[in-house]
Each structure stands twice: as C-alpha cells, then as structure tokens.
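Structure file entry37.txt (compact mmCIF, C-alpha atoms) is printed below.
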```txt
# COMPACT_ATOMS: atom_id res chain seq x y z
CA MET A 1 0.00 0.00 0.00
CA PRO A 2 1.25 3.56 -0.70
CA SER A 3 2.23 5.80 2.16
CA LEU A 4 3.10 9.45 2.53
CA SER A 5 6.36 10.91 3.70
CA PRO A 6 6.02 13.39 6.56
CA SER A 7 8.38 15.70 4.68
CA SER A 8 5.95 16.06 1.76
CA SER A 9 4.18 19.38 1.32
CA LEU A 10 0.96 17.76 2.40
CA PHE A 11 -0.89 20.83 3.55
CA SER A 12 -0.29 22.76 0.32
CA SER A 13 -2.50 20.43 -1.73
CA PRO A 14 -4.86 17.53 -1.02
CA ASP A 15 -3.70 15.75 -4.18
CA PRO A 16 -1.12 13.41 -2.56
CA VAL A 17 -3.64 12.40 0.12
CA VAL A 18 -6.39 11.79 -2.43
CA ALA A 19 -4.02 9.73 -4.58
CA ALA A 20 -2.96 7.55 -1.64
CA LEU A 21 -6.54 6.96 -0.55
CA ARG A 22 -7.76 6.24 -4.06
CA ALA A 23 -4.94 3.74 -4.64
CA ALA A 24 -6.01 1.98 -1.43
CA GLY A 25 -9.55 1.59 -2.77
CA CYS A 26 -11.33 4.36 -0.86
CA VAL A 27 -14.39 5.15 -2.97
CA PHE A 28 -14.88 8.65 -1.56
CA ALA A 29 -11.19 9.58 -1.56
CA GLU A 30 -11.74 13.33 -2.05
CA ASP A 31 -14.22 13.62 0.81
CA GLU A 32 -12.06 11.52 3.12
CA ALA A 33 -8.96 13.56 2.24
CA ARG A 34 -10.73 16.76 3.28
CA LEU A 35 -11.70 15.28 6.65
CA ILE A 36 -8.23 13.91 7.32
CA LEU A 37 -6.54 17.17 6.33
CA ALA A 38 -8.86 19.09 8.65
CA ALA A 39 -8.11 16.76 11.56
CA ALA A 40 -4.32 16.59 11.20
CA ARG A 41 -2.28 19.17 13.08
CA THR A 42 1.19 18.41 11.73
CA PRO A 43 2.68 16.74 8.63
CA ASP A 44 3.78 13.80 10.78
CA GLU A 45 0.26 13.35 12.13
CA LEU A 46 -1.22 13.63 8.66
CA ALA A 47 1.13 10.99 7.26
CA ASP A 48 0.25 8.66 10.14
CA MET A 49 -3.48 9.20 9.66
CA VAL A 50 -3.27 8.49 5.94
CA ASP A 51 -1.20 5.36 6.57
CA ARG A 52 -3.79 4.09 9.06
CA ARG A 53 -6.64 4.72 6.64
CA VAL A 54 -4.74 3.07 3.79
CA ALA A 55 -4.17 0.05 6.06
CA GLY A 56 -7.95 -0.32 6.48
CA ARG A 57 -8.69 1.52 9.72
CA PRO A 58 -12.22 3.00 9.58
CA LEU A 59 -12.19 6.68 8.69
CA GLU A 60 -14.07 7.57 11.87
CA LEU A 61 -11.36 5.98 14.02
CA VAL A 62 -8.68 7.75 12.01
CA VAL A 63 -10.14 11.24 12.52
CA GLY A 64 -11.56 10.43 15.97
CA TRP A 65 -15.21 11.24 15.38
CA ALA A 66 -18.36 10.27 13.49
CA GLU A 67 -21.23 12.49 12.40
CA PHE A 68 -24.59 11.51 13.85
CA ARG A 69 -27.70 13.66 13.45
CA GLY A 70 -25.52 16.71 12.95
CA LEU A 71 -23.43 16.01 16.05
CA ARG A 72 -19.72 15.26 16.09
CA ILE A 73 -19.56 12.08 18.18
CA ALA A 74 -16.16 11.08 19.55
CA VAL A 75 -15.14 7.50 18.76
CA ALA A 76 -12.08 5.49 19.72
CA PRO A 77 -10.51 2.07 19.06
CA GLY A 78 -12.63 -0.72 20.54
CA VAL A 79 -15.86 1.30 20.27
CA PHE A 80 -18.74 0.62 17.87
CA VAL A 81 -19.01 3.39 15.27
CA PRO A 82 -22.56 4.79 15.05
CA ARG A 83 -24.32 4.15 11.73
CA ARG A 84 -26.39 6.67 9.88
CA ARG A 85 -29.38 4.30 9.73
CA THR A 86 -29.56 4.42 13.53
CA GLU A 87 -30.63 8.06 13.20
CA PHE A 88 -33.99 6.57 12.21
CA LEU A 89 -34.27 4.96 15.66
CA VAL A 90 -33.73 8.39 17.25
CA GLU A 91 -36.37 9.94 15.01
CA GLN A 92 -38.87 7.24 15.92
CA ALA A 93 -38.18 7.71 19.62
CA LEU A 94 -38.93 11.42 19.30
CA VAL A 95 -42.19 10.67 17.47
CA GLN A 96 -43.27 8.22 20.18
CA ALA A 97 -42.24 10.30 23.20
CA PRO A 98 -41.72 13.97 22.26
CA ASP A 99 -42.03 15.02 25.90
CA ALA A 100 -39.78 12.35 27.40
CA SER A 101 -37.98 13.36 30.57
CA VAL A 102 -36.08 10.12 31.38
CA VAL A 103 -34.01 8.49 28.64
CA VAL A 104 -31.86 5.35 28.72
CA ASP A 105 -29.36 4.44 25.98
CA LEU A 106 -28.68 0.73 26.50
CA CYS A 107 -25.79 -0.97 24.67
CA CYS A 108 -24.76 2.63 24.17
CA GLY A 109 -21.38 2.24 22.46
CA SER A 110 -20.22 5.79 21.85
CA GLY A 111 -23.39 7.19 23.42
CA ALA A 112 -24.49 8.70 20.10
CA VAL A 113 -28.16 7.78 20.50
CA GLY A 114 -28.41 9.20 23.99
CA ALA A 115 -26.53 12.36 23.05
CA ALA A 116 -28.77 12.95 20.04
CA LEU A 117 -31.94 12.39 22.06
CA ALA A 118 -30.77 14.77 24.77
CA VAL A 119 -30.07 17.51 22.23
CA ALA A 120 -33.49 17.08 20.61
CA LEU A 121 -35.47 16.85 23.86
CA GLY A 122 -33.72 19.52 25.85
CA ARG A 123 -33.51 18.99 29.60
CA VAL A 124 -33.71 15.25 30.26
CA GLU A 125 -32.40 12.79 32.78
CA LEU A 126 -30.07 10.74 30.60
CA HIS A 127 -28.51 7.39 31.45
CA ALA A 128 -26.39 5.21 29.18
CA ALA A 129 -24.84 1.79 29.75
CA ASP A 130 -22.47 -0.60 28.05
CA ILE A 131 -20.52 -3.70 29.01
CA GLU A 132 -17.33 -2.51 27.24
CA PRO A 133 -15.03 -0.26 29.32
CA ALA A 134 -13.78 1.51 26.17
CA ALA A 135 -17.35 2.33 25.17
CA VAL A 136 -18.14 3.64 28.65
CA ARG A 137 -15.14 5.99 28.55
CA CYS A 138 -16.11 7.23 25.10
CA ALA A 139 -19.80 7.67 25.94
CA ARG A 140 -18.93 9.77 28.98
CA ARG A 141 -17.24 12.27 26.67
CA ASN A 142 -20.24 12.40 24.35
CA VAL A 143 -23.02 12.79 26.92
CA ALA A 144 -21.17 15.11 29.29
CA ALA A 145 -22.72 18.25 27.78
CA ALA A 146 -26.19 16.85 28.51
CA GLY A 147 -25.28 15.95 32.09
CA GLY A 148 -25.66 12.28 31.23
CA HIS A 149 -24.66 9.39 33.47
CA VAL A 150 -22.86 6.39 31.96
CA HIS A 151 -22.80 3.02 33.71
CA GLU A 152 -20.65 -0.03 33.04
CA GLY A 153 -22.25 -3.47 33.13
CA ASP A 154 -24.42 -6.07 31.42
CA LEU A 155 -27.68 -4.55 30.17
CA PHE A 156 -30.09 -3.65 33.00
CA GLU A 157 -27.66 -4.81 35.68
CA ALA A 158 -25.70 -1.63 35.01
CA LEU A 159 -28.62 0.73 35.69
CA PRO A 160 -29.47 2.29 39.07
CA GLY A 161 -32.56 0.77 40.63
CA GLY A 162 -34.14 4.20 40.92
CA LEU A 163 -34.96 4.05 37.21
CA LEU A 164 -37.40 1.16 37.61
CA GLY A 165 -40.79 2.17 36.24
CA ARG A 166 -39.59 5.66 35.24
CA VAL A 167 -38.05 5.37 31.76
CA ASP A 168 -39.88 7.20 28.96
CA ILE A 169 -37.49 6.21 26.15
CA LEU A 170 -35.43 3.03 26.33
CA ALA A 171 -33.25 2.90 23.21
CA ALA A 172 -31.32 -0.36 22.92
CA ASN A 173 -29.04 -0.62 19.90
CA VAL A 174 -28.34 -4.28 20.58
CA PRO A 175 -26.00 -6.47 18.50
CA TYR A 176 -28.04 -8.39 15.94
CA VAL A 177 -25.63 -10.07 13.53
CA PRO A 178 -26.01 -13.89 13.69
CA THR A 179 -22.80 -15.51 14.92
CA GLY A 180 -22.29 -17.39 11.67
CA GLU A 181 -22.47 -14.17 9.66
CA VAL A 182 -20.01 -12.04 11.60
CA GLY A 183 -17.22 -13.21 9.30
CA LEU A 184 -19.16 -11.85 6.32
CA LEU A 185 -19.19 -8.28 7.62
CA PRO A 186 -17.06 -5.61 5.94
CA ALA A 187 -13.48 -5.70 7.20
CA GLU A 188 -13.84 -2.26 8.81
CA ALA A 189 -16.45 -3.66 11.19
CA ARG A 190 -15.14 -7.21 11.49
CA ASP A 191 -11.54 -6.23 12.25
CA HIS A 192 -11.94 -2.97 14.15
CA GLU A 193 -15.13 -3.09 16.19
CA PRO A 194 -15.73 -5.15 19.35
CA LEU A 195 -17.32 -8.54 18.76
CA VAL A 196 -19.70 -8.01 21.66
CA ALA A 197 -21.22 -5.07 19.75
CA LEU A 198 -21.82 -7.16 16.62
CA ASP A 199 -22.56 -10.79 17.56
CA GLY A 200 -26.19 -11.34 18.51
CA GLY A 201 -26.03 -15.11 18.92
CA ALA A 202 -27.21 -17.97 16.72
CA ASP A 203 -30.08 -16.07 15.09
CA GLY A 204 -28.90 -12.59 16.05
CA LEU A 205 -31.67 -12.01 18.57
CA ASP A 206 -30.19 -13.29 21.85
CA VAL A 207 -29.58 -9.85 23.34
CA LEU A 208 -32.84 -8.45 21.98
CA ARG A 209 -34.77 -11.20 23.76
CA ARG A 210 -33.00 -10.45 27.04
CA VAL A 211 -33.88 -6.77 26.71
CA THR A 212 -37.54 -7.36 25.86
CA ALA A 213 -37.94 -9.80 28.75
CA GLU A 214 -37.08 -7.08 31.29
CA ALA A 215 -37.98 -3.80 29.61
CA HIS A 216 -41.53 -3.73 30.99
CA ARG A 217 -40.20 -3.34 34.55
CA TRP A 218 -38.12 -0.29 33.66
CA LEU A 219 -40.54 1.59 31.43
CA ALA A 220 -42.92 4.21 32.74
CA PRO A 221 -46.58 3.82 31.75
CA GLY A 222 -46.67 4.85 28.10
CA GLY A 223 -42.88 4.55 27.86
CA CYS A 224 -41.36 2.94 24.80
CA LEU A 225 -38.58 0.52 23.93
CA LEU A 226 -36.90 0.88 20.53
CA VAL A 227 -34.53 -1.65 18.99
CA GLU A 228 -32.94 -1.77 15.55
CA THR A 229 -32.97 -5.07 13.69
CA SER A 230 -32.85 -6.45 10.14
CA GLU A 231 -35.74 -6.96 7.76
CA ARG A 232 -35.28 -10.73 7.98
CA GLN A 233 -35.32 -10.74 11.79
CA ALA A 234 -38.14 -8.24 12.21
CA PRO A 235 -41.04 -10.75 12.56
CA ALA A 236 -39.26 -12.68 15.33
CA ALA A 237 -38.26 -9.43 17.01
CA VAL A 238 -41.86 -8.19 16.98
CA GLU A 239 -42.94 -11.49 18.55
CA ALA A 240 -40.36 -11.09 21.33
CA PHE A 241 -41.62 -7.55 22.08
CA THR A 242 -45.20 -8.81 22.25
CA ARG A 243 -44.24 -11.63 24.61
CA GLY A 244 -42.64 -8.97 26.80
CA GLY A 245 -46.03 -7.37 27.33
CA LEU A 246 -45.52 -4.40 25.00
CA THR A 247 -47.84 -2.98 22.37
CA THR A 248 -45.66 -3.42 19.31
CA GLN A 249 -45.18 -1.86 15.89
CA LEU A 250 -42.50 -1.94 13.21
CA ALA A 251 -41.14 1.20 11.55
CA VAL A 252 -39.19 0.88 8.30
CA LEU A 253 -37.11 3.31 6.27
CA GLU A 254 -36.20 1.40 3.13
CA GLU A 255 -33.80 4.07 1.87
CA TRP A 256 -31.45 3.35 4.80
CA TYR A 257 -32.36 -0.35 5.24
CA ALA A 258 -33.50 0.67 8.71
CA ASN A 259 -35.95 -1.49 10.67
CA VAL A 260 -36.92 -0.36 14.16
CA VAL A 261 -39.20 -2.35 16.45
CA ILE A 262 -41.13 -0.13 18.86
CA GLY A 263 -42.83 -1.43 21.97
CA THR A 264 -44.98 0.70 24.27
CA LYS A 265 -45.89 -0.15 27.84
CA PRO A 266 -49.67 0.12 28.30
```
Is it possible to give me this structure as structure tokens?
Amino acid sequence: MPSLSPSSSLFSSPDPVVAALRAAGCVFAEDEARLILAAARTPDELADMVDRRVAGRPLELVVGWAEFRGLRIAVAPGVFVPRRRTEFLVEQALVQAPDASVVVDLCCGSGAVGAALAVALGRVELHAADIEPAAVRCARRNVAAAGGHVHEGDLFEALPGGLLGRVDILAANVPYVPTGEVGLLPAEARDHEPLVALDGGADGLDVLRRVTAEAHRWLAPGGCLLVETSERQAPAAVEAFTRGGLTTQLAVLEEWYANVVIGTKP
C-alpha cells in the first residue's frame, strides 16, 4: 500500500492524500482527504493518519469522530461506530415520546443515541450503559454536555434501581448479527469493532430477547422501547416484544435499510 512521507508538502494540496486513498480503494477519496486534512495538526500526524486509513482503519477511528444527526460524536478504538441508519431509531423515539424526561441508551457504544436524544429533547435525565469499558469511557465524553450518566455493566444490571418504572425512552441498539455471519461483515467492522457489539447469537436475537424480557419493569406507563434489527429478523423481534407485554409496531425506512421495532408499555 502507498504511504506518505512526513516531509511532503501535504498541507499545500490535497492531491497526494487523495491519490494515496484512491490507490487503497477508498471510494470517496476526495471527501475523506478533506476530513483527514482538517483533523491533522502536523505533517507527521497527517502521514500517520493516511497510513492508518490506507491500512484499512475505519475513517471515523482515524479522525476520531463520526457524524450523527448533525453532532460530532467522539469515537475510539474498541468502540462501535454509530451508523447513519440508527438516526432513524432516534427519530422514531422522538415521534413516540416527544415530551420524554427520562431516557436510557442501553448498549450505548459511543453514546451517540443518547446524546442525540438529549439535544433534541432539551432537559432530560439521561442514562447510558455498556458492558465494554472503552465504550463507557467514550460515551462519557459524548453525553457530558447533557449531564448524562454512563454506567458499566451487562444490560439492566448496570442501571441504578431508581430508574425502575420511570423510563420514557429506552433505546437499545443491541447487536443483531447472527454468529455465523459475523465473518461476512465488511473488514472495517469485522476487524476494528468489538465482537460483543456485533454478535447477537445464533439467530442474532439473543440480546434483543434479554432486553424485551425485562424492559416492561423499567418503562414508565406509556414509555417505549426501541430496537434496531434487520428486515429478515423483524417478525421474530416483533414477537419477542409482544411476549414482553408491550404494544408493538414496526417502523421501516427502506432508503437506509433501517428497521426499528417499537414497543410501548400500556
């Protein structure tokens, strides 16, 4: 793979960066070059960033952030990078509970969902949780401006008991890739994101079922649980929500291949 010399006049023209990225197979080389050039502070740092991108590191991890609903969300190695399609989950949460005052971002990763909900809702009590220490550290950076609290642990075990029966929006971006299909994911996800954030068990729904089994206890009356899944898994996911005692619907945005199951506590 090509690499750049730190002594090159990198800041005078994006051309060498674009050429290196294009040679490495980056489809949007010009756009990526602009982001990398804006993030680099020195020629040495720029050369290192280009080398890491050329070697296959996700662009978001190279520049240190991902855009999510207009926010610049900090990301770091070992943390799941938020996807644009997950913005649809946020939009659906705001439709279901526009006056929510207590929000939980479960399996929070970078905390992007919680941060976006807090910005849209204004003053809320925000809690986020993840089992990965790297994700917890990252999420704390992203929800700090909203006064959010981030907890480390396995699903609901991480949450303070005082939230029982009080949650208006429970957003759970659970892993939903079937174990046998993890190896088919793009290399950027497969090689650079934590397995626990991708692998959802034999049919991809293991974590979703655990969440739906307990969500009813944590939701306030009229509160809603929202989980992203795939089109193929949606019928089984809807069934799991219904078994959990929730009034269930499926929202789909075909343009983004986004499928969000929504369950409301009666």
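For the pair atom CA of A:Leu246 and atom CA of A:Lys265, the interatomic distance is 5.1 Å.
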Could you tell me which of A:Arg243, A:Val261, A:Val102, A:Asp199 comes closest to A:Leu184 if we count all atoms listed in the file?
-> A:Asp199
Could you list as a count of residues only every residue that has an atom within 12 Å of (-20.7, 1.3, 15.5), using the file's coordinates and counting all atoms listed in the file?
-> 42
Would you list the contacts of A:Thr229 as a PyMOL selection string, taking every protein, DNA or RNA residue within 8 Å and counting all atoms listed in the file, but skipping same-chain residues closer than 2 positions in sequence?
-> chain A and resi 176+227+231+233-234+237+258-261
Enclosing box along x, y and z for every listed atom of stretch 83-87 of chain A, padded 6 Å each side, centre and size in Å, one decimal, as JSON:
```
{"center_x": -27.5, "center_y": 6.1, "center_z": 11.6, "size_x": 18.3, "size_y": 15.9, "size_z": 15.8}
```
Could you pull out every residue with an atom within 12 Å of (-42.1, 5.5, 38.5), file coordinates, counting all atoms listed in the file, and send them as an MDAnalysis selection string?
-> chainID A and resid 101:102 161:168 216:223
Keeping C-alpha atoms, export the residues of the selection given above as a short mmCIF file (atom, residue, chain, number, x, y, z; two decimals), in the frame of the given file.
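Saved result, part.cif, follows:
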```cif
data_model
loop_
_atom_site.label_atom_id
_atom_site.label_comp_id
_atom_site.auth_asym_id
_atom_site.auth_seq_id
_atom_site.Cartn_x
_atom_site.Cartn_y
_atom_site.Cartn_z
CA SER A 101 -37.98 13.36 30.57
CA VAL A 102 -36.08 10.12 31.38
CA GLY A 161 -32.56 0.77 40.63
CA GLY A 162 -34.14 4.20 40.92
CA LEU A 163 -34.96 4.05 37.21
CA LEU A 164 -37.40 1.16 37.61
CA GLY A 165 -40.79 2.17 36.24
CA ARG A 166 -39.59 5.66 35.24
CA VAL A 167 -38.05 5.37 31.76
CA ASP A 168 -39.88 7.20 28.96
CA HIS A 216 -41.53 -3.73 30.99
CA ARG A 217 -40.20 -3.34 34.55
CA TRP A 218 -38.12 -0.29 33.66
CA LEU A 219 -40.54 1.59 31.43
CA ALA A 220 -42.92 4.21 32.74
CA PRO A 221 -46.58 3.82 31.75
CA GLY A 222 -46.67 4.85 28.10
CA GLY A 223 -42.88 4.55 27.86
#
```
Can you work out which one of A:Gln92, A:Val17, A:Ala24, A:Gln249 has the shortest atom-to-atom distance to A:Asp48, counting only C-alpha atoms?
-> A:Val17
Which of these, A:Gly183, A:Glu32, A:Val27, A:Gly64, has the shortest distance to A:Asp15 once you count only C-alpha atoms?
-> A:Glu32
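Residue nearest A:Val95 within the list A:Cys224, A:Gly70, A:Val252, A:Ala172: A:Cys224 [criterion: smallest interatomic distance, all atoms listed in the file].
The interatomic distance for the pair atom CA of A:Thr179 and atom CA of A:Val207 works out to 12.2 Å.
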Of the listed residues A:Leu117, A:Ala171, A:Cys26, A:Ala33, that which approaches A:Pro98 most closely, counting only C-alpha atoms = A:Leu117
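Among the candidates A:Ala47, A:Val150, A:Glu125, A:Ala20, the residue lying nearest to A:Arg137 is A:Val150 (atoms considered: all atoms listed in the file).
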Using only C-alpha atoms, which residues sit within 7 Å of A:Val63 once same-chain residues fewer than 4 positions away are excluded, as a PyMOL selection string?
-> chain A and resi 36+39+59
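Going from atom CA of A:Tyr257 to atom CA of A:Val143 covers 27.0 Å.
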A:Ala213: which residues within 9 Å, counting only C-alpha atoms, same-chain residues fewer than 5 positions away excluded, as a ChimeraX atom specification?
-> /A:208,240-241,243-245
